[in-house]
file model.cif (mmCIF, C-alpha atoms and all ligand atoms)
data_entry
#
loop_
_atom_site.label_atom_id
_atom_site.label_comp_id
_atom_site.auth_asym_id
_atom_site.auth_seq_id
_atom_site.Cartn_x
_atom_site.Cartn_y
_atom_site.Cartn_z
CA MET A 8 98.32 93.83 82.49
CA PHE A 9 101.50 93.31 84.48
CA GLU A 10 101.17 89.53 84.61
CA ILE A 11 103.96 88.11 86.77
CA SER A 12 106.21 85.52 85.22
CA GLU A 13 105.57 81.78 85.35
CA ARG A 14 108.77 81.33 87.31
CA MET A 15 107.62 83.83 89.98
CA LYS A 16 104.29 82.03 90.18
CA LYS A 17 106.12 78.83 91.09
CA LEU A 18 107.53 80.39 94.28
CA PRO A 19 105.97 79.40 97.60
CA PRO A 20 105.08 82.33 99.95
CA TYR A 21 108.27 83.35 101.78
CA LEU A 22 107.76 81.72 105.16
CA PHE A 23 109.56 84.18 107.42
CA ALA A 24 108.00 87.25 105.83
CA GLU A 25 104.59 85.74 106.59
CA ILE A 26 105.50 85.10 110.21
CA ASP A 27 106.83 88.61 110.66
CA LYS A 28 103.64 90.04 109.18
CA LYS A 29 101.60 88.14 111.77
CA ARG A 30 103.86 89.35 114.60
CA LYS A 31 103.47 92.97 113.53
CA GLN A 32 99.68 92.61 113.22
CA LEU A 33 99.40 91.30 116.81
CA ILE A 34 101.66 94.05 118.16
CA ALA A 35 99.60 96.68 116.33
CA GLN A 36 96.52 95.26 118.05
CA GLY A 37 98.20 95.93 121.41
CA TYR A 38 99.22 92.36 122.31
CA GLU A 39 102.51 91.54 123.99
CA VAL A 40 104.02 89.00 121.64
CA ILE A 41 106.89 86.63 122.46
CA SER A 42 108.47 85.60 119.20
CA PHE A 43 110.59 82.50 118.75
CA GLY A 44 109.90 82.96 115.03
CA VAL A 45 112.58 84.35 112.75
CA GLY A 46 116.23 83.41 113.44
CA ASP A 47 117.51 86.96 113.61
CA PRO A 48 119.95 87.57 116.51
CA ASP A 49 118.66 90.05 119.12
CA LEU A 50 122.18 90.79 120.43
CA PRO A 51 124.10 93.77 119.03
CA THR A 52 127.07 93.58 116.66
CA PRO A 53 130.21 93.70 118.89
CA ASP A 54 131.63 97.22 119.44
CA ARG A 55 135.02 96.40 117.91
CA ILE A 56 133.27 95.65 114.60
CA VAL A 57 130.99 98.70 114.67
CA GLU A 58 134.08 100.82 115.41
CA ALA A 59 135.99 99.32 112.46
CA MET A 60 133.02 100.12 110.22
CA ARG A 61 132.75 103.68 111.59
CA LYS A 62 136.41 104.32 110.77
CA ALA A 63 136.22 102.66 107.36
CA VAL A 64 133.18 104.55 106.17
CA LYS A 65 134.99 107.88 106.58
CA ASP A 66 137.49 106.98 103.90
CA PRO A 67 136.12 108.15 100.53
CA SER A 68 138.11 105.53 98.66
CA VAL A 69 135.62 102.90 99.87
CA HIS A 70 132.64 104.80 98.54
CA ARG A 71 132.99 103.56 94.99
CA TYR A 72 131.84 100.39 93.23
CA PRO A 73 133.58 97.45 94.90
CA PHE A 74 133.53 95.05 91.87
CA GLY A 75 135.36 91.73 91.54
CA LYS A 76 135.54 88.89 94.06
CA GLY A 77 135.85 91.32 96.98
CA ARG A 78 138.72 93.18 98.67
CA ALA A 79 141.98 91.23 98.69
CA ASP A 80 142.60 92.04 102.38
CA PHE A 81 139.19 90.68 103.37
CA ARG A 82 139.69 87.54 101.28
CA LYS A 83 143.11 87.08 102.90
CA ALA A 84 141.45 87.39 106.32
CA ILE A 85 138.94 84.70 105.28
CA ALA A 86 141.76 82.40 104.11
CA ASP A 87 143.63 82.97 107.42
CA TYR A 88 140.47 82.20 109.38
CA TYR A 89 140.04 78.86 107.56
CA ARG A 90 143.69 77.99 108.09
CA LYS A 91 143.59 78.87 111.78
CA TYR A 92 140.27 77.35 112.81
CA SER A 93 139.57 74.60 110.27
CA ASP A 94 143.00 73.59 108.96
CA VAL A 95 141.80 74.38 105.43
CA THR A 96 144.03 76.05 102.84
CA LEU A 97 142.37 78.46 100.42
CA ASP A 98 143.91 80.53 97.65
CA TYR A 99 142.42 83.94 98.40
CA GLU A 100 142.84 85.08 94.79
CA LYS A 101 140.97 82.23 93.16
CA GLU A 102 138.97 80.35 95.73
CA ILE A 103 136.99 83.02 97.61
CA CYS A 104 134.22 85.35 96.45
CA VAL A 105 132.58 87.86 98.80
CA LEU A 106 128.76 87.86 98.88
CA ILE A 107 126.03 90.29 99.89
CA GLY A 108 124.99 87.82 102.60
CA SER A 109 124.96 84.06 102.12
CA LYS A 110 121.32 84.14 100.96
CA GLU A 111 122.39 86.11 97.91
CA GLY A 112 125.01 83.51 96.94
CA ILE A 113 122.65 80.59 97.55
CA ALA A 114 119.94 82.19 95.41
CA HIS A 115 122.27 83.18 92.58
CA PHE A 116 124.49 80.11 92.36
CA PRO A 117 122.05 77.93 90.34
CA PHE A 118 121.92 80.59 87.59
CA ALA A 119 125.53 79.78 86.88
CA PHE A 120 125.04 76.02 86.50
CA ILE A 121 121.39 75.08 86.02
CA ASN A 122 119.82 74.66 82.60
CA PRO A 123 116.04 74.35 82.32
CA GLY A 124 114.93 70.99 83.70
CA ASP A 125 118.19 70.23 85.54
CA ILE A 126 117.68 68.75 88.98
CA THR A 127 118.96 70.00 92.32
CA LEU A 128 118.85 67.93 95.49
CA VAL A 129 117.29 69.98 98.26
CA PRO A 130 117.04 68.94 101.92
CA GLU A 131 113.63 69.23 103.53
CA PRO A 132 112.77 70.47 106.07
CA GLY A 133 115.21 73.18 105.07
CA TYR A 134 116.08 76.79 104.44
CA PRO A 135 113.67 77.78 101.63
CA VAL A 136 116.22 79.52 99.40
CA TYR A 137 117.73 76.28 97.96
CA GLN A 138 114.36 75.52 96.40
CA ILE A 139 113.64 79.14 95.48
CA GLY A 140 117.00 79.66 93.73
CA THR A 141 116.49 76.42 91.80
CA LEU A 142 113.00 77.39 90.64
CA LEU A 143 114.04 80.89 89.59
CA ALA A 144 116.87 79.43 87.51
CA GLY A 145 114.46 77.05 85.77
CA GLY A 146 115.64 73.94 87.61
CA VAL A 147 113.63 71.23 89.30
CA PRO A 148 114.16 70.60 93.03
CA HIS A 149 114.17 66.97 94.15
CA PHE A 150 113.65 66.88 97.89
CA MET A 151 115.77 64.82 100.28
CA PRO A 152 113.77 64.18 103.48
CA LEU A 153 115.68 64.71 106.73
CA LYS A 154 114.28 62.24 109.25
CA GLU A 155 114.92 62.01 112.95
CA GLU A 156 115.64 58.26 112.72
CA ASN A 157 118.53 59.18 110.40
CA ASN A 158 119.78 62.00 112.65
CA PHE A 159 118.33 64.49 110.16
CA LEU A 160 120.85 63.49 107.49
CA PRO A 161 119.56 62.62 103.99
CA ASP A 162 119.30 58.94 103.12
CA PHE A 163 121.10 58.80 99.77
CA GLY A 164 119.95 55.23 99.23
CA LYS A 165 116.42 56.57 98.69
CA ILE A 166 117.39 58.82 95.75
CA PRO A 167 116.60 57.00 92.48
CA ASN A 168 119.57 56.54 90.16
CA ALA A 169 117.68 58.26 87.33
CA ILE A 170 117.47 61.39 89.51
CA LEU A 171 121.14 61.25 90.48
CA GLU A 172 122.05 61.04 86.80
CA LYS A 173 120.20 64.29 86.07
CA THR A 174 121.31 66.16 89.20
CA LYS A 175 123.59 69.16 88.89
CA ILE A 176 123.70 70.50 92.45
CA MET A 177 123.21 69.09 95.95
CA TYR A 178 122.54 71.55 98.76
CA LEU A 179 123.50 70.67 102.29
CA ASN A 180 123.32 72.73 105.46
CA TYR A 181 125.00 71.71 108.72
CA PRO A 182 124.71 72.79 111.48
CA ASN A 183 121.17 72.59 110.18
CA ASN A 184 118.32 75.00 110.10
CA PRO A 185 115.68 74.05 111.24
CA THR A 186 116.60 70.70 112.87
CA ALA A 187 119.80 71.87 114.65
CA ALA A 188 121.47 68.62 113.53
CA THR A 189 125.19 68.44 112.78
CA ALA A 190 127.01 66.34 110.17
CA ASP A 191 129.87 64.01 111.04
CA THR A 192 133.00 63.22 109.07
CA ASP A 193 131.72 59.83 107.83
CA PHE A 194 128.60 61.39 106.38
CA LEU A 195 130.58 64.11 104.65
CA ARG A 196 133.01 61.57 103.18
CA GLU A 197 130.09 59.49 101.90
CA THR A 198 128.48 62.61 100.37
CA ILE A 199 131.65 63.62 98.56
CA ALA A 200 132.14 60.09 97.18
CA LEU A 201 128.54 59.98 95.90
CA CYS A 202 128.71 63.43 94.33
CA LYS A 203 132.04 62.66 92.67
CA LYS A 204 130.59 59.48 91.21
CA HIS A 205 127.65 61.38 89.67
CA SER A 206 129.44 64.69 88.93
CA ILE A 207 127.21 66.63 91.31
CA ILE A 208 128.27 70.02 92.68
CA ILE A 209 127.95 70.36 96.47
CA VAL A 210 126.82 73.70 97.84
CA TYR A 211 127.46 73.47 101.57
CA ASP A 212 125.71 76.14 103.61
CA ALA A 213 127.75 76.75 106.76
CA ALA A 214 125.90 79.85 108.02
CA TYR A 215 125.69 78.39 111.56
CA HIS A 216 129.18 76.90 111.72
CA GLU A 217 130.26 79.06 114.66
CA ILE A 218 127.10 78.63 116.73
CA TYR A 219 127.84 75.49 118.77
CA PHE A 220 127.75 74.39 122.37
CA GLU A 221 130.01 72.73 124.98
CA GLY A 222 133.06 73.55 122.90
CA LYS A 223 132.20 71.01 120.21
CA ARG A 224 133.02 72.84 116.97
CA PRO A 225 131.27 71.23 113.97
CA VAL A 226 133.34 69.54 111.26
CA SER A 227 134.24 71.89 108.42
CA PHE A 228 133.08 70.58 105.02
CA LEU A 229 136.18 71.88 103.27
CA SER A 230 138.44 70.02 105.69
CA ILE A 231 137.25 66.69 104.24
CA PRO A 232 139.58 65.37 101.52
CA GLY A 233 138.10 65.89 98.05
CA ALA A 234 135.56 68.54 99.14
CA LYS A 235 137.25 71.25 97.13
CA ASP A 236 137.21 69.09 93.98
CA ILE A 237 133.44 69.33 93.71
CA GLY A 238 132.12 71.80 96.22
CA ILE A 239 131.85 75.25 97.66
CA GLU A 240 131.05 76.33 101.16
CA ILE A 241 128.80 79.33 101.63
CA HIS A 242 129.48 81.23 104.84
CA SER A 243 128.22 84.33 106.52
CA LEU A 244 129.06 86.87 109.20
CA SER A 245 125.33 87.29 109.97
CA LYS A 246 124.93 84.80 112.78
CA THR A 247 128.45 84.68 114.20
CA TYR A 248 128.72 88.44 114.77
CA ASN A 249 125.04 89.47 114.93
CA MET A 250 125.23 91.19 111.57
CA THR A 251 122.14 90.02 109.70
CA GLY A 252 121.36 93.54 108.52
CA TRP A 253 124.87 94.27 107.26
CA ARG A 254 124.65 91.76 104.41
CA ILE A 255 128.01 90.08 104.11
CA GLY A 256 129.11 86.52 103.49
CA TRP A 257 131.30 84.58 101.07
CA ALA A 258 131.55 81.51 98.88
CA CYS A 259 134.79 79.54 98.95
CA GLY A 260 136.19 76.28 97.66
CA ASN A 261 136.43 74.99 94.10
CA GLU A 262 138.03 77.61 91.85
CA LYS A 263 135.76 77.02 88.86
CA LEU A 264 132.59 77.20 90.93
CA VAL A 265 133.74 80.33 92.77
CA SER A 266 134.79 81.97 89.55
CA ALA A 267 131.44 81.25 87.79
CA LEU A 268 129.54 82.71 90.72
CA ALA A 269 131.79 85.79 90.68
CA THR A 270 131.20 86.29 86.93
CA LEU A 271 127.46 85.96 87.40
CA LYS A 272 127.53 88.48 90.26
CA GLU A 273 129.58 90.92 88.23
CA ASN A 274 126.66 91.04 85.82
CA ILE A 275 124.00 91.44 88.49
CA ASP A 276 125.40 93.39 91.43
CA SER A 277 128.63 95.25 91.93
CA GLY A 278 129.81 93.67 95.14
CA THR A 279 129.64 94.30 98.87
CA PHE A 280 130.20 97.83 100.23
CA GLU A 281 133.92 97.96 100.98
CA ALA A 282 133.48 99.52 104.42
CA ILE A 283 131.52 96.41 105.43
CA GLN A 284 134.29 94.20 104.05
CA ILE A 285 136.81 96.14 106.17
CA ALA A 286 134.60 95.56 109.21
CA GLY A 287 134.59 91.91 108.10
CA ILE A 288 138.38 91.81 108.49
CA GLU A 289 137.94 92.91 112.11
CA CYS A 290 135.31 90.18 112.58
CA LEU A 291 137.63 87.36 111.57
CA SER A 292 141.04 88.70 112.62
CA GLY A 293 140.16 90.34 115.95
CA PRO A 294 139.78 88.64 119.35
CA GLN A 295 136.94 86.11 119.32
CA ASP A 296 135.93 86.46 123.01
CA ASP A 297 132.64 88.11 122.01
CA VAL A 298 131.72 85.08 119.92
CA GLU A 299 132.42 82.75 122.84
CA LYS A 300 130.31 84.99 125.12
CA MET A 301 127.47 84.85 122.60
CA ARG A 302 127.64 81.03 122.47
CA LYS A 303 127.30 80.94 126.26
CA ILE A 304 124.25 83.20 126.09
CA TYR A 305 122.57 80.94 123.53
CA GLN A 306 123.51 77.90 125.59
CA GLN A 307 121.86 79.37 128.70
CA ARG A 308 118.74 80.20 126.72
CA ARG A 309 118.74 76.72 125.25
CA ASP A 310 118.97 75.16 128.70
CA ILE A 311 116.09 77.24 130.08
CA LEU A 312 113.89 76.33 127.13
CA VAL A 313 114.87 72.65 127.26
CA ASP A 314 114.09 72.45 131.01
CA GLY A 315 110.76 74.22 130.52
CA LEU A 316 109.73 71.96 127.65
CA LYS A 317 110.71 68.88 129.64
CA GLU A 318 108.50 70.08 132.49
CA LEU A 319 105.74 70.28 129.92
CA GLN A 320 106.38 66.57 129.22
CA PHE A 321 107.90 67.05 125.76
CA LYS A 322 110.63 64.71 124.65
CA VAL A 323 113.38 67.18 123.82
CA LYS A 324 116.39 66.56 121.60
CA ILE A 325 119.00 68.96 123.02
CA PRO A 326 120.56 70.99 120.19
CA GLN A 327 124.36 70.85 119.96
CA ALA A 328 124.61 73.73 117.48
CA THR A 329 122.64 76.59 115.85
CA PHE A 330 120.28 78.78 117.84
CA TYR A 331 117.26 76.63 117.05
CA LEU A 332 115.37 73.98 118.93
CA TRP A 333 113.41 71.49 116.81
CA LEU A 334 110.61 69.98 118.84
CA ALA A 335 108.43 66.99 118.03
CA VAL A 336 104.95 68.01 119.15
CA GLY A 337 103.02 64.89 118.21
CA VAL A 338 100.21 66.83 116.52
CA ASP A 339 99.99 68.79 113.30
CA SER A 340 102.41 71.67 113.45
CA LEU A 341 100.14 74.40 112.08
CA SER A 342 97.41 73.79 114.68
CA PHE A 343 100.02 73.68 117.44
CA ALA A 344 101.59 76.97 116.32
CA GLU A 345 98.20 78.61 115.84
CA LYS A 346 97.07 77.55 119.32
CA LEU A 347 100.17 79.07 120.90
CA LEU A 348 99.76 82.23 118.87
CA LEU A 349 96.08 82.76 119.63
CA GLU A 350 96.01 81.58 123.25
CA ALA A 351 99.44 82.71 124.47
CA ASN A 352 100.65 85.22 121.84
CA ILE A 353 103.76 83.12 121.35
CA ILE A 354 105.18 82.81 117.85
CA ILE A 355 106.95 79.62 116.83
CA THR A 356 107.49 78.33 113.31
CA PRO A 357 105.38 75.32 112.27
CA GLY A 358 107.65 72.61 110.89
CA ILE A 359 105.47 72.04 107.83
CA GLY A 360 106.60 75.46 106.61
CA PHE A 361 110.09 74.00 106.04
CA GLY A 362 108.80 71.04 104.02
CA PRO A 363 106.52 68.01 104.45
CA SER A 364 109.03 66.12 106.63
CA GLY A 365 108.80 69.02 109.09
CA GLU A 366 105.22 68.03 109.89
CA GLY A 367 104.81 67.12 113.55
CA TYR A 368 107.61 69.48 114.58
CA VAL A 369 107.92 73.16 115.46
CA ARG A 370 111.02 75.36 115.53
CA PHE A 371 111.96 77.71 118.36
CA ALA A 372 114.61 80.37 117.61
CA LEU A 373 116.66 81.24 120.72
CA THR A 374 116.93 84.87 119.67
CA ILE A 375 115.04 86.32 122.63
CA ASP A 376 116.28 86.96 126.16
CA GLU A 377 116.00 84.58 129.11
CA LYS A 378 113.19 86.48 130.84
CA LYS A 379 110.99 86.18 127.78
CA ILE A 380 111.76 82.46 127.49
CA VAL A 381 110.75 81.95 131.15
CA LYS A 382 107.58 83.93 130.56
CA ALA A 383 106.79 81.95 127.42
CA ILE A 384 107.13 78.68 129.34
CA GLU A 385 104.72 79.96 132.01
CA LYS A 386 102.23 80.93 129.32
CA MET A 387 102.62 77.57 127.59
CA LYS A 388 101.94 75.79 130.89
CA LYS A 389 98.60 77.61 131.16
CA VAL A 390 97.64 76.74 127.58
CA MET A 391 98.63 73.09 127.99
CA ARG A 392 96.66 72.81 131.23
CA ARG A 393 93.61 73.98 129.33
C1 LIG B 401 120.54 77.96 106.68
C2 LIG B 401 120.68 79.41 106.35
N1 LIG B 401 121.51 79.77 105.37
C3 LIG B 401 121.66 81.05 105.02
C4 LIG B 401 120.97 82.05 105.67
C5 LIG B 401 121.14 83.47 105.19
O1 LIG B 401 121.97 84.21 105.96
P1 LIG B 401 122.60 85.57 105.44
O2 LIG B 401 122.03 85.86 104.09
O3 LIG B 401 122.20 86.60 106.43
O4 LIG B 401 124.07 85.34 105.38
C6 LIG B 401 120.10 81.73 106.71
C7 LIG B 401 119.35 82.78 107.41
O5 LIG B 401 118.52 82.57 108.24
C8 LIG B 401 119.95 80.37 107.05
O6 LIG B 401 119.13 79.98 108.04
#
call {"tool": "encode", "arguments": {"input": "model.cif", "output": "structure tokens"}}
result
Amino acid sequence: MFEISERMKKLPPYLFAEIDKKRKQLIAQGYEVISFGVGDPDLPTPDRIVEAMRKAVKDPSVHRYPFGKGRADFRKAIADYYRKYSDVTLDYEKEICVLIGSKEGIAHFPFAFINPGDITLVPEPGYPVYQIGTLLAGGVPHFMPLKEENNFLPDFGKIPNAILEKTKIMYLNYPNNPTAATADTDFLRETIALCKKHSIIIVYDAAYHEIYFEGKRPVSFLSIPGAKDIGIEIHSLSKTYNMTGWRIGWACGNEKLVSALATLKENIDSGTFEAIQIAGIECLSGPQDDVEKMRKIYQQRRDILVDGLKELQFKVKIPQATFYLWLAVGVDSLSFAEKLLLEANIIITPGIGFGPSGEGYVRFALTIDEKKIVKAIEKMKKVMRR
């Protein structure tokens, strides 16, 4: 009775849901838990955006099915944002499709292009949804290890030719979750050349593009010549404007890829609530001071954590982007995370949860305030002394 499908059985347990379950259990038992676990911003959505939403929701014309690729005015705002900040030209009518969060687009995209047995190239350690979307669509993920000695970029030389020949999609994500690495122009050029040679679609996840430090904005994938010939970028308002719960993002780039995703979505969902899209216009077109303020907050948190970990004698690679810190702990990551959880009630994510190459590392999310970070360091000192 009610046997779940073979494809559901192939799914690994969803890592972050498991971590959150553990956090809630400890809190219910009366423990004070400090969680560096899930990368969900603790800061509020800026007032100007909440206000735009409040106004928009009062208009009954936005209460109906949104349909299509999204509101034209929002897509125009996205195109303007790319022109202004990344020097990228996008045709808002053909090259942009609004999503219900970038996760939705990442998970659905393979259904538009993967036939049973087709291969996708998936970075590991990595955001689990590249693998999950592939499996649900009947594809076969081939993992690309991200190693520290290669600056957490995939080594394409290690992918067998036979695999490349059968690959339909390559997923990339920079600034990267969980390693916090960024990609440079040379790497992106090399990737585009390789994918062109083998007719591989690039799905470039840029969810953390706006979370960077010391004014060093990461390179935009679509700004590299040829990117639009074979790729799409998936972007999100979640992290930039503290809007994870609002569910809004977009896919943009190659017209055919965008259009296939839009057709697929038309048959599955009916688009993103228009009031949220109107708030999205405010996000991208309004003053960006709040985003800069947020970057400074993450930078301060990063610095406190980095100093504390250095005092604890860890060799720390200082993140230049994202709100994650990827730490080599020198022991197996599950035992390390479990020790911190049981002896200090601190939640961190064991690297192995992001893939086998994450073993020996743990991820800290900087989505808690400075006081808690200081307290966590003190608690860690006690545990380490023991
Ligand atoms: C790399 C990466 N991509 C995409 C997402 C999904 O973001 P959203 O669906 O909120 O846009 C996340 C969320 O943590 C992520 O880490």
call {"tool": "residues_near_ligand", "arguments": {"input": "model.cif", "ligand": "ligand LIG 401 (chain B)", "cutoff": "8 Å", "atoms": "only C-alpha atoms and all ligand atoms", "output": "PyMOL selection string"}}
result
chain A and resi 45-47+107-111+113+133-134+136+180-181+183-185+212-215+242-246+250-252+254-256
call {"tool": "write_last_selection", "arguments": {"input": "model.cif", "atoms": "C-alpha atoms", "output": "PDB file, in the coordinates of the input"}}
result
ATOM      1  CA  VAL A  45     112.580  84.350 112.750  1.00  0.00           C
ATOM      2  CA  GLY A  46     116.230  83.410 113.440  1.00  0.00           C
ATOM      3  CA  ASP A  47     117.510  86.960 113.610  1.00  0.00           C
ATOM      4  CA  ILE A 107     126.030  90.290  99.890  1.00  0.00           C
ATOM      5  CA  GLY A 108     124.990  87.820 102.600  1.00  0.00           C
ATOM      6  CA  SER A 109     124.960  84.060 102.120  1.00  0.00           C
ATOM      7  CA  LYS A 110     121.320  84.140 100.960  1.00  0.00           C
ATOM      8  CA  GLU A 111     122.390  86.110  97.910  1.00  0.00           C
ATOM      9  CA  ILE A 113     122.650  80.590  97.550  1.00  0.00           C
ATOM     10  CA  GLY A 133     115.210  73.180 105.070  1.00  0.00           C
ATOM     11  CA  TYR A 134     116.080  76.790 104.440  1.00  0.00           C
ATOM     12  CA  VAL A 136     116.220  79.520  99.400  1.00  0.00           C
ATOM     13  CA  ASN A 180     123.320  72.730 105.460  1.00  0.00           C
ATOM     14  CA  TYR A 181     125.000  71.710 108.720  1.00  0.00           C
ATOM     15  CA  ASN A 183     121.170  72.590 110.180  1.00  0.00           C
ATOM     16  CA  ASN A 184     118.320  75.000 110.100  1.00  0.00           C
ATOM     17  CA  PRO A 185     115.680  74.050 111.240  1.00  0.00           C
ATOM     18  CA  ASP A 212     125.710  76.140 103.610  1.00  0.00           C
ATOM     19  CA  ALA A 213     127.750  76.750 106.760  1.00  0.00           C
ATOM     20  CA  ALA A 214     125.900  79.850 108.020  1.00  0.00           C
ATOM     21  CA  TYR A 215     125.690  78.390 111.560  1.00  0.00           C
ATOM     22  CA  HIS A 242     129.480  81.230 104.840  1.00  0.00           C
ATOM     23  CA  SER A 243     128.220  84.330 106.520  1.00  0.00           C
ATOM     24  CA  LEU A 244     129.060  86.870 109.200  1.00  0.00           C
ATOM     25  CA  SER A 245     125.330  87.290 109.970  1.00  0.00           C
ATOM     26  CA  LYS A 246     124.930  84.800 112.780  1.00  0.00           C
ATOM     27  CA  MET A 250     125.230  91.190 111.570  1.00  0.00           C
ATOM     28  CA  THR A 251     122.140  90.020 109.700  1.00  0.00           C
ATOM     29  CA  GLY A 252     121.360  93.540 108.520  1.00  0.00           C
ATOM     30  CA  ARG A 254     124.650  91.760 104.410  1.00  0.00           C
ATOM     31  CA  ILE A 255     128.010  90.080 104.110  1.00  0.00           C
ATOM     32  CA  GLY A 256     129.110  86.520 103.490  1.00  0.00           C
TER      33      GLY A 256
END
call {"tool": "closest_residue", "arguments": {"input": "model.cif", "among": "A:Lys389, A:Arg196, A:Lys101, A:Arg302", "to": "Ser266 of chain A", "atoms": "all atoms listed in the file"}}
result
A:Lys101
call {"tool": "atom_distance", "arguments": {"input": "model.cif", "atom1": "atom CA of Asn122 of chain A", "atom2": "atom CA of Ile199 of chain A"}}
result
22.7 Å
call {"tool": "axis_aligned_box", "arguments": {"input": "model.cif", "around": "segment 141-152 of chain A", "padding_each_side": "6 Å", "output": "AutoDock Vina command-line options"}}
result
--center_x 114.9 --center_y 72.5 --center_z 94.6 --size_x 15.9 --size_y 28.7 --size_z 29.7
call {"tool": "closest_residue", "arguments": {"input": "model.cif", "among": "A:Leu171, A:Ala190, A:Ile34, A:Val323", "to": "Asn158 of chain A", "atoms": "all atoms listed in the file"}}
result
A:Ala190
call {"tool": "closest_residue", "arguments": {"input": "model.cif", "among": "A:Lys62, A:Arg82, A:Met391, A:Tyr219", "to": "Lys346 of chain A", "atoms": "all atoms listed in the file"}}
result
A:Met391
call {"tool": "atom_distance", "arguments": {"input": "model.cif", "atom1": "atom CA of Glu299 of chain A", "atom2": "atom CA of Tyr248 of chain A"}}
result
10.5 Å
call {"tool": "closest_residue", "arguments": {"input": "model.cif", "among": "A:Tyr88, A:Tyr38, A:Tyr137, A:Phe74", "to": "Ile353 of chain A", "atoms": "all atoms listed in the file"}}
result
A:Tyr38
call {"tool": "residues_near_point", "arguments": {"input": "model.cif", "point": "(104.7, 77.6, 95.8)", "cutoff": "12 Å", "atoms": "only C-alpha atoms", "output": "JSON, numbers by chain"}}
result
{"A": [13, 14, 15, 16, 17, 18, 19, 20, 21, 22, 135, 138, 139, 142, 143, 360, 362]}
call {"tool": "build_atoms", "arguments": {"input": "model.cif", "residues": "segment 316-331 of chain A", "atoms": "N, CA and C atoms", "output": "compact mmCIF listing (two decimals), keeping the file's coordinate frame"}}
result
# COMPACT_ATOMS: atom_id res chain seq x y z
N LEU A 316 110.47 72.88 128.53
CA LEU A 316 109.73 71.96 127.65
C LEU A 316 109.66 70.56 128.25
N LYS A 317 110.73 70.19 128.98
CA LYS A 317 110.71 68.88 129.64
C LYS A 317 109.64 68.87 130.73
N GLU A 318 109.55 69.99 131.47
CA GLU A 318 108.50 70.08 132.49
C GLU A 318 107.12 69.93 131.86
N LEU A 319 107.01 70.40 130.64
CA LEU A 319 105.74 70.28 129.92
C LEU A 319 105.56 68.90 129.29
N GLN A 320 106.47 67.98 129.66
CA GLN A 320 106.38 66.57 129.22
C GLN A 320 106.74 66.34 127.76
N PHE A 321 107.43 67.29 127.13
CA PHE A 321 107.90 67.05 125.76
C PHE A 321 109.18 66.23 125.82
N LYS A 322 109.36 65.42 124.79
CA LYS A 322 110.63 64.71 124.65
C LYS A 322 111.55 65.62 123.85
N VAL A 323 112.59 66.14 124.48
CA VAL A 323 113.38 67.18 123.82
C VAL A 323 114.72 66.63 123.36
N LYS A 324 115.06 66.90 122.11
CA LYS A 324 116.39 66.56 121.60
C LYS A 324 117.24 67.83 121.80
N ILE A 325 118.25 67.74 122.66
CA ILE A 325 119.00 68.96 123.02
C ILE A 325 119.92 69.37 121.86
N PRO A 326 119.71 70.59 121.33
CA PRO A 326 120.56 70.99 120.19
C PRO A 326 122.02 71.17 120.59
N GLN A 327 122.91 70.71 119.72
CA GLN A 327 124.36 70.85 119.96
C GLN A 327 124.93 72.03 119.18
N ALA A 328 124.14 72.60 118.31
CA ALA A 328 124.61 73.73 117.48
C ALA A 328 123.39 74.48 116.95
N THR A 329 123.65 75.62 116.34
CA THR A 329 122.64 76.59 115.85
C THR A 329 121.92 77.23 117.04
N PHE A 330 121.11 78.23 116.76
CA PHE A 330 120.28 78.78 117.84
C PHE A 330 118.82 78.39 117.66
N TYR A 331 118.61 77.13 117.21
CA TYR A 331 117.26 76.63 117.05
C TYR A 331 117.03 75.41 117.93
